[in-house]
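So this block is entry_3.tsv, TSV, C-alpha atoms:
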```tsv
chain	number	residue	atom	x	y	z
A	1	MET	CA	0.00	0.00	0.00
A	2	SER	CA	1.38	3.41	-0.98
A	3	ARG	CA	1.90	5.93	1.77
A	4	GLU	CA	-0.28	9.03	2.04
A	5	ARG	CA	1.61	12.31	1.62
A	6	VAL	CA	1.00	14.99	4.22
A	7	THR	CA	1.47	18.76	4.22
A	8	ILE	CA	1.48	20.47	7.63
A	9	LEU	CA	0.59	24.16	7.53
A	10	GLY	CA	2.13	25.61	10.70
A	11	SER	CA	4.43	22.73	11.60
A	12	THR	CA	6.39	24.63	14.28
A	13	GLY	CA	3.32	25.38	16.44
A	14	SER	CA	1.92	23.07	19.09
A	15	ILE	CA	-0.49	21.28	16.72
A	16	GLY	CA	2.19	20.89	14.08
A	17	VAL	CA	4.65	19.44	16.57
A	18	SER	CA	2.02	16.99	17.85
A	19	THR	CA	1.12	15.99	14.29
A	20	LEU	CA	4.72	15.15	13.53
A	21	ALA	CA	4.91	13.11	16.73
A	22	VAL	CA	1.95	11.01	15.55
A	23	LEU	CA	3.33	10.68	12.01
A	24	ALA	CA	6.67	9.49	13.40
A	25	ARG	CA	4.83	6.45	14.79
A	26	GLN	CA	3.18	5.72	11.43
A	27	THR	CA	5.98	5.90	8.87
A	28	ASP	CA	4.65	2.85	7.02
A	29	ARG	CA	1.38	4.68	6.33
A	30	PHE	CA	2.32	8.38	5.95
A	31	GLU	CA	5.18	10.46	4.59
A	32	VAL	CA	5.73	14.19	5.09
A	33	HIS	CA	5.64	16.12	1.82
A	34	ALA	CA	5.76	19.75	3.02
A	35	LEU	CA	6.28	21.64	6.26
A	36	THR	CA	5.53	25.35	6.64
A	37	ALA	CA	6.21	28.04	9.21
A	38	HIS	CA	6.28	31.81	9.49
A	39	ALA	CA	9.73	32.55	10.88
A	40	ASN	CA	10.85	29.85	13.35
A	41	VAL	CA	14.01	28.86	11.50
A	42	GLU	CA	15.64	26.65	14.14
A	43	ARG	CA	12.61	24.48	14.78
A	44	LEU	CA	11.70	24.09	11.12
A	45	ALA	CA	15.30	23.16	10.31
A	46	GLU	CA	15.21	20.45	13.00
A	47	GLN	CA	11.91	19.15	11.62
A	48	CYS	CA	13.23	19.06	8.06
A	49	LEU	CA	16.33	17.13	9.08
A	50	GLU	CA	14.27	14.60	11.05
A	51	HIS	CA	11.27	14.13	8.73
A	52	ARG	CA	12.91	14.96	5.36
A	53	PRO	CA	10.04	16.69	3.55
A	54	ALA	CA	10.38	17.45	-0.13
A	55	ILE	CA	9.42	21.08	0.51
A	56	ALA	CA	9.71	23.60	3.34
A	57	VAL	CA	7.93	26.95	3.14
A	58	MET	CA	8.68	30.03	5.20
A	59	VAL	CA	6.48	33.11	4.87
A	60	ASP	CA	9.22	35.48	6.08
A	61	ARG	CA	11.84	36.05	3.36
A	62	GLU	CA	14.83	36.53	5.68
A	63	ALA	CA	13.85	33.42	7.65
A	64	ALA	CA	13.64	31.44	4.41
A	65	ALA	CA	17.16	32.49	3.45
A	66	ALA	CA	18.47	31.44	6.85
A	67	LEU	CA	16.66	28.09	6.63
A	68	ARG	CA	18.01	27.46	3.12
A	69	ASP	CA	21.55	28.08	4.37
A	70	LEU	CA	21.13	25.83	7.41
A	71	LEU	CA	19.72	22.94	5.39
A	72	ALA	CA	22.36	23.27	2.66
A	73	ARG	CA	25.16	23.06	5.24
A	74	ALA	CA	23.48	19.97	6.74
A	75	GLY	CA	23.25	18.29	3.33
A	76	SER	CA	19.44	18.28	3.27
A	77	ALA	CA	17.64	17.71	-0.03
A	78	THR	CA	14.58	19.72	1.10
A	79	THR	CA	13.66	22.58	-1.24
A	80	VAL	CA	12.98	25.86	0.60
A	81	LEU	CA	10.25	28.11	-0.84
A	82	VAL	CA	9.16	31.51	0.41
A	83	GLY	CA	6.02	33.60	0.66
A	84	GLU	CA	2.26	33.30	0.95
A	85	GLU	CA	1.80	31.99	-2.60
A	86	ALA	CA	4.22	29.15	-1.83
A	87	LEU	CA	2.12	28.41	1.24
A	88	VAL	CA	-0.99	28.13	-0.93
A	89	ASP	CA	0.87	25.96	-3.45
A	90	ALA	CA	1.98	23.58	-0.68
A	91	ALA	CA	-1.65	23.19	0.39
A	92	ARG	CA	-3.02	22.40	-3.07
A	93	ALA	CA	-0.07	20.48	-4.57
A	94	PRO	CA	-1.42	17.54	-6.63
A	95	GLU	CA	0.91	15.02	-4.99
A	96	VAL	CA	-0.47	15.81	-1.51
A	97	ASP	CA	-3.25	13.66	-0.01
A	98	VAL	CA	-3.66	15.15	3.47
A	99	VAL	CA	-3.35	18.75	4.67
A	100	MET	CA	-3.13	19.61	8.36
A	101	ALA	CA	-4.33	23.23	8.62
A	102	ALA	CA	-2.67	24.35	11.86
A	103	ILE	CA	-1.67	27.96	11.22
A	104	VAL	CA	-3.00	30.11	14.05
A	105	GLY	CA	-5.29	33.00	13.15
A	106	ALA	CA	-6.40	34.64	9.92
A	107	ALA	CA	-3.03	33.86	8.31
A	108	GLY	CA	-4.26	30.31	7.79
A	109	LEU	CA	-7.34	31.27	5.76
A	110	LEU	CA	-5.97	31.31	2.20
A	111	PRO	CA	-3.99	28.03	2.29
A	112	THR	CA	-6.87	26.30	4.07
A	113	LEU	CA	-9.29	27.44	1.36
A	114	ALA	CA	-6.79	26.30	-1.27
A	115	ALA	CA	-6.67	22.80	0.23
A	116	ALA	CA	-10.47	22.67	0.28
A	117	HIS	CA	-10.77	23.78	-3.35
A	118	ALA	CA	-8.19	21.14	-4.31
A	119	GLY	CA	-10.29	18.36	-2.76
A	120	LYS	CA	-7.79	17.35	-0.11
A	121	ARG	CA	-8.41	15.41	3.07
A	122	LEU	CA	-8.42	18.56	5.20
A	123	LEU	CA	-7.64	18.24	8.90
A	124	LEU	CA	-8.90	21.52	10.29
A	125	ALA	CA	-7.15	22.92	13.35
A	126	ASN	CA	-7.41	26.53	12.11
A	127	LYS	CA	-10.82	27.52	13.48
A	128	GLU	CA	-10.48	31.05	12.13
A	129	SER	CA	-11.07	29.78	8.58
A	130	LEU	CA	-14.64	28.86	9.50
A	131	VAL	CA	-15.11	31.88	11.76
A	132	MET	CA	-14.12	34.26	8.96
A	133	SER	CA	-15.51	32.49	5.92
A	134	GLY	CA	-17.65	29.54	6.96
A	135	ALA	CA	-19.94	29.62	3.93
A	136	LEU	CA	-17.05	29.87	1.47
A	137	LEU	CA	-15.07	27.06	3.08
A	138	MET	CA	-18.02	24.67	3.39
A	139	ASP	CA	-19.03	25.42	-0.20
A	140	ALA	CA	-15.48	24.68	-1.40
A	141	VAL	CA	-15.50	21.36	0.49
A	142	THR	CA	-18.84	20.36	-1.03
A	143	ARG	CA	-17.95	21.33	-4.60
A	144	SER	CA	-14.51	19.69	-4.61
A	145	GLY	CA	-15.38	16.54	-2.67
A	146	ALA	CA	-12.78	17.32	-0.02
A	147	LYS	CA	-13.04	15.43	3.26
A	148	LEU	CA	-13.18	17.89	6.17
A	149	LEU	CA	-12.21	16.46	9.56
A	150	PRO	CA	-12.15	18.62	12.70
A	151	VAL	CA	-9.01	18.51	14.83
A	152	ASP	CA	-9.99	20.85	17.68
A	153	SER	CA	-10.48	18.47	20.60
A	154	GLU	CA	-14.09	19.60	21.15
A	155	HIS	CA	-15.21	19.35	17.53
A	156	ASN	CA	-13.35	16.11	17.03
A	157	ALA	CA	-15.14	14.76	20.11
A	158	ILE	CA	-18.52	15.80	18.69
A	159	PHE	CA	-17.63	14.18	15.37
A	160	GLN	CA	-16.72	10.95	17.16
A	161	CYS	CA	-20.06	11.01	19.01
A	162	LEU	CA	-22.07	11.27	15.79
A	163	PRO	CA	-23.11	8.18	13.81
A	164	THR	CA	-20.63	6.37	11.57
A	165	GLY	CA	-20.81	7.83	8.09
A	166	TYR	CA	-21.71	11.34	9.20
A	167	ILE	CA	-19.99	13.97	7.01
A	168	CYS	CA	-19.11	17.41	8.35
A	169	GLY	CA	-21.46	20.05	7.00
A	170	GLU	CA	-24.53	17.82	7.11
A	171	PRO	CA	-27.35	18.72	9.53
A	172	VAL	CA	-27.10	16.53	12.62
A	173	HIS	CA	-30.83	16.52	13.41
A	174	PRO	CA	-31.75	13.84	10.83
A	175	HIS	CA	-29.26	11.59	12.62
A	176	GLY	CA	-31.25	11.95	15.84
A	177	ALA	CA	-28.87	14.45	17.44
A	178	GLU	CA	-30.60	17.37	19.13
A	179	ARG	CA	-27.99	19.34	21.01
A	180	ILE	CA	-24.25	19.73	21.44
A	181	LEU	CA	-22.59	20.25	24.81
A	182	LEU	CA	-19.29	22.01	24.17
A	183	THR	CA	-16.98	21.63	27.14
A	184	ALA	CA	-14.52	24.28	28.37
A	185	SER	CA	-11.94	24.05	31.12
A	186	GLY	CA	-12.49	27.64	32.24
A	187	GLY	CA	-8.77	28.32	31.89
A	188	PRO	CA	-6.50	29.63	34.65
A	189	PHE	CA	-8.90	32.30	35.97
A	190	ARG	CA	-12.07	30.30	36.56
A	191	GLU	CA	-11.95	31.10	40.28
A	192	ARG	CA	-9.84	34.28	40.36
A	193	PRO	CA	-11.66	37.22	42.00
A	194	LEU	CA	-12.93	39.65	39.38
A	195	ASP	CA	-11.37	42.60	41.18
A	196	ARG	CA	-7.95	41.06	40.46
A	197	PHE	CA	-8.41	40.76	36.68
A	198	ASP	CA	-6.63	44.08	36.04
A	199	ASP	CA	-3.46	42.53	37.50
A	200	ILE	CA	-3.38	39.47	35.22
A	201	THR	CA	-0.04	39.13	33.44
A	202	PRO	CA	0.61	37.51	30.05
A	203	ASP	CA	2.54	34.69	31.69
A	204	GLU	CA	-0.36	33.96	34.04
A	205	ALA	CA	-2.82	33.95	31.12
A	206	CYS	CA	-0.63	31.53	29.18
A	207	ALA	CA	-0.30	29.06	32.06
A	208	HIS	CA	-3.22	26.78	31.12
A	209	PRO	CA	-3.96	24.23	33.86
A	210	ASN	CA	-4.57	21.27	31.50
A	211	TRP	CA	-3.40	21.90	27.94
A	212	ASP	CA	-0.01	22.77	26.42
A	213	MET	CA	-0.81	25.40	23.77
A	214	GLY	CA	0.68	28.42	22.05
A	215	ARG	CA	0.44	31.82	23.72
A	216	LYS	CA	-2.33	33.24	21.54
A	217	ILE	CA	-4.62	30.23	21.99
A	218	SER	CA	-3.81	30.13	25.71
A	219	VAL	CA	-5.01	33.73	26.11
A	220	ASP	CA	-8.13	32.87	24.10
A	221	SER	CA	-8.78	30.04	26.53
A	222	ALA	CA	-8.32	32.40	29.50
A	223	THR	CA	-10.90	34.85	28.07
A	224	MET	CA	-13.06	31.99	26.70
A	225	MET	CA	-12.99	33.63	23.29
A	226	ASN	CA	-11.58	30.30	22.20
A	227	LYS	CA	-14.91	28.74	23.17
A	228	GLY	CA	-16.83	31.49	21.43
A	229	LEU	CA	-14.90	30.83	18.22
A	230	GLU	CA	-15.60	27.12	18.67
A	231	VAL	CA	-19.34	27.79	18.93
A	232	ILE	CA	-19.17	29.59	15.58
A	233	GLU	CA	-17.09	26.76	14.12
A	234	ALA	CA	-19.56	24.15	15.41
A	235	CYS	CA	-22.46	25.93	13.72
A	236	TRP	CA	-20.74	25.48	10.35
A	237	LEU	CA	-19.33	21.99	10.91
A	238	PHE	CA	-22.58	20.47	12.13
A	239	ALA	CA	-25.17	22.74	10.45
A	240	LEU	CA	-26.63	23.88	13.78
A	241	GLU	CA	-28.29	27.04	15.05
A	242	PRO	CA	-26.48	28.72	17.97
A	243	ASP	CA	-29.23	27.85	20.45
A	244	ALA	CA	-28.54	24.15	19.86
A	245	ILE	CA	-25.03	24.54	21.31
A	246	GLN	CA	-24.51	24.77	25.07
A	247	VAL	CA	-21.15	25.68	26.59
A	248	VAL	CA	-20.38	23.80	29.81
A	249	LEU	CA	-17.42	24.34	32.14
A	250	HIS	CA	-15.58	21.09	32.82
A	251	PRO	CA	-12.39	21.89	34.77
A	252	GLN	CA	-10.84	18.43	34.41
A	253	SER	CA	-10.75	18.47	30.56
A	254	ILE	CA	-11.51	14.75	30.45
A	255	VAL	CA	-14.86	14.91	28.63
A	256	HIS	CA	-14.03	16.78	25.44
A	257	SER	CA	-17.65	17.33	24.35
A	258	MET	CA	-21.04	15.60	24.22
A	259	VAL	CA	-24.00	15.09	21.92
A	260	THR	CA	-27.56	14.67	23.18
A	261	TYR	CA	-30.01	12.56	21.18
A	262	ALA	CA	-33.78	12.48	20.74
A	263	ASP	CA	-34.11	9.30	22.80
A	264	GLY	CA	-32.48	10.92	25.84
A	265	SER	CA	-29.03	9.46	25.30
A	266	VAL	CA	-25.96	11.64	25.85
A	267	LEU	CA	-22.80	10.41	24.15
A	268	ALA	CA	-19.45	11.75	25.38
A	269	GLN	CA	-15.92	11.37	24.09
A	270	MET	CA	-13.35	11.14	26.88
A	271	GLY	CA	-9.59	10.98	27.03
A	272	ASN	CA	-6.49	12.54	28.53
A	273	PRO	CA	-6.01	16.19	27.45
A	274	ASP	CA	-3.52	15.59	24.65
A	275	MET	CA	-3.96	16.85	21.08
A	276	ARG	CA	-2.30	13.75	19.65
A	277	THR	CA	-5.61	11.91	20.17
A	278	PRO	CA	-7.80	14.02	17.83
A	279	ILE	CA	-4.88	14.33	15.40
A	280	ALA	CA	-4.49	10.56	15.18
A	281	HIS	CA	-8.25	10.11	14.83
A	282	SER	CA	-8.39	12.60	11.95
A	283	LEU	CA	-5.39	11.10	10.18
A	284	ALA	CA	-6.75	7.55	10.35
A	285	TRP	CA	-10.52	8.12	10.02
A	286	PRO	CA	-12.57	5.99	9.63
A	287	GLY	CA	-9.99	3.69	11.24
A	288	ARG	CA	-7.82	4.14	14.31
A	289	ILE	CA	-4.05	4.34	14.82
A	290	ALA	CA	-1.79	4.62	17.85
A	291	SER	CA	-1.26	8.21	18.97
A	292	GLY	CA	1.22	7.73	21.79
A	293	VAL	CA	-1.30	9.02	24.35
A	294	ALA	CA	-1.70	7.00	27.54
A	295	PRO	CA	-5.16	5.45	28.08
A	296	LEU	CA	-7.49	7.34	30.39
A	297	ASP	CA	-7.59	6.05	33.97
A	298	LEU	CA	-11.04	7.09	35.21
A	299	VAL	CA	-10.33	5.96	38.75
A	300	LYS	CA	-7.25	8.15	38.88
A	301	ALA	CA	-9.14	11.02	37.23
A	302	GLY	CA	-11.67	10.94	40.05
A	303	ARG	CA	-14.58	13.37	40.07
A	304	LEU	CA	-15.82	14.98	36.86
A	305	GLU	CA	-17.52	18.39	37.29
A	306	PHE	CA	-19.83	20.31	34.95
A	307	LEU	CA	-20.77	23.93	35.62
A	308	PRO	CA	-22.38	26.86	33.78
A	309	PRO	CA	-19.93	29.56	32.61
A	310	SER	CA	-20.14	32.99	34.27
A	311	ARG	CA	-21.07	35.60	31.67
A	312	GLU	CA	-19.60	38.33	33.90
A	313	ARG	CA	-16.29	36.50	34.14
A	314	PHE	CA	-16.17	35.56	30.45
A	315	PRO	CA	-17.75	38.40	28.41
A	316	CYS	CA	-16.01	37.23	25.23
A	317	LEU	CA	-18.40	34.29	25.05
A	318	ASP	CA	-21.38	36.63	24.71
A	319	LEU	CA	-19.49	38.69	22.14
A	320	ALA	CA	-19.11	35.58	19.97
A	321	TYR	CA	-22.85	34.84	20.18
A	322	ARG	CA	-23.52	38.50	19.35
A	323	ALA	CA	-21.40	38.26	16.21
A	324	LEU	CA	-23.13	35.03	15.22
A	325	SER	CA	-26.50	36.72	15.57
A	326	ALA	CA	-25.40	39.71	13.48
A	327	GLY	CA	-24.24	37.45	10.64
A	328	GLY	CA	-22.28	38.56	7.59
A	329	THR	CA	-18.77	39.77	8.33
A	330	ALA	CA	-19.46	40.27	12.05
A	331	THR	CA	-17.59	37.07	12.94
A	332	THR	CA	-14.67	38.24	10.78
A	333	ILE	CA	-14.64	41.53	12.71
A	334	LEU	CA	-14.79	39.59	15.98
A	335	ASN	CA	-11.81	37.45	15.05
A	336	ALA	CA	-9.70	40.34	13.72
A	337	ALA	CA	-10.31	42.50	16.78
A	338	ASN	CA	-9.53	39.57	19.06
A	339	GLU	CA	-6.21	38.86	17.34
A	340	ILE	CA	-5.14	42.50	17.70
A	341	ALA	CA	-6.36	42.64	21.32
A	342	VAL	CA	-4.59	39.45	22.35
A	343	GLN	CA	-1.30	40.57	20.81
A	344	ALA	CA	-1.62	43.97	22.49
A	345	PHE	CA	-2.16	42.21	25.83
A	346	LEU	CA	0.83	39.91	25.25
A	347	ASP	CA	2.89	43.01	24.42
A	348	GLU	CA	1.62	44.59	27.68
A	349	ARG	CA	0.00	47.52	25.88
A	350	ILE	CA	-3.47	46.80	27.32
A	351	ARG	CA	-4.71	45.01	30.41
A	352	PHE	CA	-6.55	41.69	30.35
A	353	PRO	CA	-10.13	43.08	30.74
A	354	ALA	CA	-9.50	45.46	27.82
A	355	ILE	CA	-9.45	42.51	25.42
A	356	ALA	CA	-13.24	42.19	25.66
A	357	ARG	CA	-13.74	45.96	25.63
A	358	LEU	CA	-11.77	46.30	22.41
A	359	ILE	CA	-13.75	43.52	20.71
A	360	ASP	CA	-17.03	45.05	21.89
A	361	ALA	CA	-16.02	48.46	20.51
A	362	SER	CA	-14.96	46.92	17.18
A	363	LEU	CA	-18.26	45.10	16.74
A	364	SER	CA	-20.07	48.39	17.35
A	365	ALA	CA	-17.87	50.56	15.14
A	366	VAL	CA	-16.97	48.48	12.07
A	367	PRO	CA	-19.84	48.11	9.56
A	368	VAL	CA	-21.07	44.57	8.93
A	369	GLN	CA	-21.28	43.55	5.27
A	370	SER	CA	-22.36	40.35	3.51
A	371	ALA	CA	-19.77	37.56	3.67
A	372	ASP	CA	-20.35	36.12	0.20
A	373	SER	CA	-16.95	36.92	-1.31
A	374	LEU	CA	-13.37	36.43	-0.22
A	375	ASP	CA	-12.51	40.01	-1.17
A	376	GLY	CA	-15.30	41.33	1.06
A	377	ILE	CA	-14.18	39.15	3.97
A	378	LEU	CA	-10.55	40.25	3.64
A	379	ALA	CA	-11.63	43.90	3.42
A	380	ALA	CA	-13.68	43.55	6.63
A	381	ASP	CA	-10.72	41.85	8.31
A	382	ALA	CA	-8.40	44.71	7.31
A	383	GLU	CA	-10.86	47.41	8.43
A	384	ALA	CA	-11.40	45.73	11.80
A	385	ARG	CA	-7.66	45.39	12.37
A	386	GLU	CA	-7.08	49.05	11.56
A	387	TYR	CA	-9.82	50.12	13.98
A	388	ALA	CA	-8.48	47.82	16.70
A	389	ARG	CA	-4.91	49.06	16.31
A	390	ASP	CA	-6.10	52.66	16.57
A	391	TRP	CA	-8.10	51.74	19.70
A	392	VAL	CA	-5.01	50.20	21.32
A	393	THR	CA	-2.93	53.27	20.45
A	394	ALA	CA	-5.56	55.58	21.92
A	395	GLN	CA	-5.64	53.53	25.12
A	396	ALA	CA	-1.86	53.53	25.39
A	397	ASN	CA	-1.77	57.33	24.97
A	398	ALA	CA	-4.65	58.02	27.36
```

Using structure tokens, write down the structure that the file contains.
Amino acid sequence: MSRERVTILGSTGSIGVSTLAVLARQTDRFEVHALTAHANVERLAEQCLEHRPAIAVMVDREAAAALRDLLARAGSATTVLVGEEALVDAARAPEVDVVMAAIVGAAGLLPTLAAAHAGKRLLLANKESLVMSGALLMDAVTRSGAKLLPVDSEHNAIFQCLPTGYICGEPVHPHGAERILLTASGGPFRERPLDRFDDITPDEACAHPNWDMGRKISVDSATMMNKGLEVIEACWLFALEPDAIQVVLHPQSIVHSMVTYADGSVLAQMGNPDMRTPIAHSLAWPGRIASGVAPLDLVKAGRLEFLPPSRERFPCLDLAYRALSAGGTATTILNAANEIAVQAFLDERIRFPAIARLIDASLSAVPVQSADSLDGILAADAEAREYARDWVTAQANA
């Protein structure tokens, strides 16, 4: 049996690293065709030397030159390409079977869409692609015959709890499913007094109690914007209205999500909090392969808790539902403002509570347009980013 060829978009991030760890256990079934990164030269060089892809892509031109020099001195045969167009080409290359879309943020939109248009087996870890352009991405998947498999632990759990043969994008109700319970850990500040939120530091926000993630996603988890984006993503993946999705706090991160059925059954997918599990499931679907994750010991895990999220503590969750309700480019504006706000917080230009205030202001100030064209979506993204940057500057100068 010939091996499937895999491109990893964003191989130096946490999802990319975990994907390579799973692939390293399955060399008889998969081979790495292309690895991409923005500017992390040292890590991408190490990955190229270990996994020997045919192609490596770096978006940053200076980083690409440095990578090319490093690999040449090491005797590597990997070809180094540069720029966003090379990123798109790596995603749609005819020799590629599987694309792991793991670039964080809006930067992952164009190559993810390219993989969908090319009919690839698309493993989606870039939730922003659906948040920004859900209709366009799902339409591309349908028209090309691409197979879309969710990698986010929550959406992968939902997918696993749906009947065999279910295809992402189909309505779940005809399969007897009535409601989705989307679990959230609550992040590091689930019990922190609200009057101490102004003192939250970037390092504290990035210290997730259960998951090992990048800094941007860790902050999103702390604000629960990550869960808001996942609600939007779930609406597109499972053809659901927002009121059919309930967010539930589950501090242990053992139950990754649940589906309730018409007969009263509730199916849950459980496992240790390790992204190698949903990655392995998506790579092997409809089969199963070893991921390297230890089996769950329920006795050791002990008590499992489920609680309602505090809207006062997590205002970003309501902002996501507000954008969903507004429709059009509102979710694009939400995502763009959040990316600017999170980076400003990480750069210590704004305080933690200002993240939600900036997103709220952006949703009020930036006009919402229809989201039926890529150009319109990108224009809304640019306008929202410009407004958000100006807002941060005004706050810094106040």

Just want the 12 Å neighbourhood of His173 in chain A, counted on only C-alpha atoms, with same-chain residues fewer than 3 positions away dropped. Output as a ChimeraX atom specification. /A:162-163,166,169-170,176-180,238-241,244,259-262

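Around the coordinate (2.6, 5.9, 17.5), residues that reach within 7 Å when counting only C-alpha atoms are Val22, Ala24, Arg25, Gln26, Ala290, Ser291 and Gly292 of chain A.
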
Record the distance separating CA of Pro309 in chain A and CA of Leu182 in chain A, expressed in Å with one decimal.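 Straight-line distance from CA of Pro309 in chain A to CA of Leu182 in chain A works out to 11.3 Å.
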
Could you give me, as a PyMOL selection string, the residues within 12 Å of His208 in chain A, counting only C-alpha atoms and dropping anything in the same chain fewer than 2 positions from it? chain A and resi 184-190+202-206+210-224+251-253+273

Can you write just those residues out, C-alpha atoms, as a PDB file, keeping the file's coordinate frame?
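File selection-v1.pdb, as written:
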```
ATOM      1  CA  ALA A 184     -14.520  24.280  28.370  1.00  0.00           C
ATOM      2  CA  SER A 185     -11.940  24.050  31.120  1.00  0.00           C
ATOM      3  CA  GLY A 186     -12.490  27.640  32.240  1.00  0.00           C
ATOM      4  CA  GLY A 187      -8.770  28.320  31.890  1.00  0.00           C
ATOM      5  CA  PRO A 188      -6.500  29.630  34.650  1.00  0.00           C
ATOM      6  CA  PHE A 189      -8.900  32.300  35.970  1.00  0.00           C
ATOM      7  CA  ARG A 190     -12.070  30.300  36.560  1.00  0.00           C
ATOM      8  CA  PRO A 202       0.610  37.510  30.050  1.00  0.00           C
ATOM      9  CA  ASP A 203       2.540  34.690  31.690  1.00  0.00           C
ATOM     10  CA  GLU A 204      -0.360  33.960  34.040  1.00  0.00           C
ATOM     11  CA  ALA A 205      -2.820  33.950  31.120  1.00  0.00           C
ATOM     12  CA  CYS A 206      -0.630  31.530  29.180  1.00  0.00           C
ATOM     13  CA  ASN A 210      -4.570  21.270  31.500  1.00  0.00           C
ATOM     14  CA  TRP A 211      -3.400  21.900  27.940  1.00  0.00           C
ATOM     15  CA  ASP A 212      -0.010  22.770  26.420  1.00  0.00           C
ATOM     16  CA  MET A 213      -0.810  25.400  23.770  1.00  0.00           C
ATOM     17  CA  GLY A 214       0.680  28.420  22.050  1.00  0.00           C
ATOM     18  CA  ARG A 215       0.440  31.820  23.720  1.00  0.00           C
ATOM     19  CA  LYS A 216      -2.330  33.240  21.540  1.00  0.00           C
ATOM     20  CA  ILE A 217      -4.620  30.230  21.990  1.00  0.00           C
ATOM     21  CA  SER A 218      -3.810  30.130  25.710  1.00  0.00           C
ATOM     22  CA  VAL A 219      -5.010  33.730  26.110  1.00  0.00           C
ATOM     23  CA  ASP A 220      -8.130  32.870  24.100  1.00  0.00           C
ATOM     24  CA  SER A 221      -8.780  30.040  26.530  1.00  0.00           C
ATOM     25  CA  ALA A 222      -8.320  32.400  29.500  1.00  0.00           C
ATOM     26  CA  THR A 223     -10.900  34.850  28.070  1.00  0.00           C
ATOM     27  CA  MET A 224     -13.060  31.990  26.700  1.00  0.00           C
ATOM     28  CA  PRO A 251     -12.390  21.890  34.770  1.00  0.00           C
ATOM     29  CA  GLN A 252     -10.840  18.430  34.410  1.00  0.00           C
ATOM     30  CA  SER A 253     -10.750  18.470  30.560  1.00  0.00           C
ATOM     31  CA  PRO A 273      -6.010  16.190  27.450  1.00  0.00           C
TER      32      PRO A 273
END
```

Pick out the residues sitting within 8 Å of Leu296 in chain A, and hand them over as a PDB file with C-alpha atoms, in the frame of the given file; count all atoms listed in the file, and ignore anything fewer than 4 positions along from it in its own chain.
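out-v2.pdb, written as the output of this step:
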```pdb
ATOM      1  CA  MET A 270     -13.350  11.140  26.880  1.00  0.00           C
ATOM      2  CA  GLY A 271      -9.590  10.980  27.030  1.00  0.00           C
ATOM      3  CA  ASN A 272      -6.490  12.540  28.530  1.00  0.00           C
ATOM      4  CA  ALA A 301      -9.140  11.020  37.230  1.00  0.00           C
TER       5      ALA A 301
END
```

Quote the spacing between CA of Asp60 in chain A and CA of Ala37 in chain A in Å to one decimal place.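 Pair CA of Asp60 in chain A / CA of Ala37 in chain A returns 8.6 Å.
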
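Here CA of Leu194 in chain A and CA of Lys227 in chain A stand 19.6 Å from one another.
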
Of the residues A:Phe30, A:Phe352, A:Tyr387, A:Trp236, which is the one nearest to Phe314 in chain A, using all atoms listed in the file?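 With all atoms listed in the file as the atom set, the closest residue is A:Phe352.
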
Given only C-alpha atoms as the counted atoms, nearest of A:Thr112, A:Thr36, A:Gln269, A:Ser282 to Ser11 in chain A: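 For Ser11 in chain A, the nearest of the given residues is A:Thr36.
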
Please, which residues are within 9 Å of (11.3, 23.0, 4.6) by the file's coordinates, counting all atoms listed in the file, and could they come as a list in words?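 Result, sorted by chain then residue number: Ala34, Leu35, Thr36, Ala37, Leu44, Ala45, Gln47, Cys48, Leu49, Arg52, Pro53, Ala54, Ile55, Ala56, Val57, Met58, Ala64, Leu67, Arg68, Leu71, Thr78, Thr79, Val80 and Leu81 of chain A.
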
Between A:Val32, A:Val293, A:Leu374, A:Ala66, which residue has the minimum interatomic distance to Glu50 in chain A, considering only C-alpha atoms? A:Val32

Range 295-386 of chain A residues near range 119-127 of chain A within 12 Å, closest pair each, using all atoms listed in the file, as CSV:
```
residue,atom,partner,partner_atom,distance
A:Thr331,CA,A:Lys127,CA,11.7
A:Thr332,CA,A:Lys127,CA,11.7
A:Asn335,CA,A:Lys127,CA,10.1
```

Any chance you could export the current selection's C-alpha atoms as a JSON list (two decimals), in the frame of the given file?
```
[["chain", "number", "residue", "atom", "x", "y", "z"],
["A", 331, "THR", "CA", -17.59, 37.07, 12.94],
["A", 332, "THR", "CA", -14.67, 38.24, 10.78],
["A", 335, "ASN", "CA", -11.81, 37.45, 15.05]]
```

Counting only C-alpha atoms, figure out which residue out of A:Gly105, A:Gly264, A:Asp198, A:Glu305 gets nearest to Asn338 in chain A.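 Once distances to Asn338 in chain A are computed over only C-alpha atoms, the minimum belongs to A:Gly105.
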
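For the set A:Ile279, A:Val82, A:Leu87, A:Val248, the residue with the smallest atom-to-atom gap to Ser18 in chain A is A:Ile279, counting only C-alpha atoms.
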
Using only C-alpha atoms: which of A:Ala341, A:Ala90, A:Ser144, A:Cys316 has the shortest distance to Gln395 in chain A: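 Looking only at the distances to Gln395 in chain A, the closest residue turns out to be A:Ala341.
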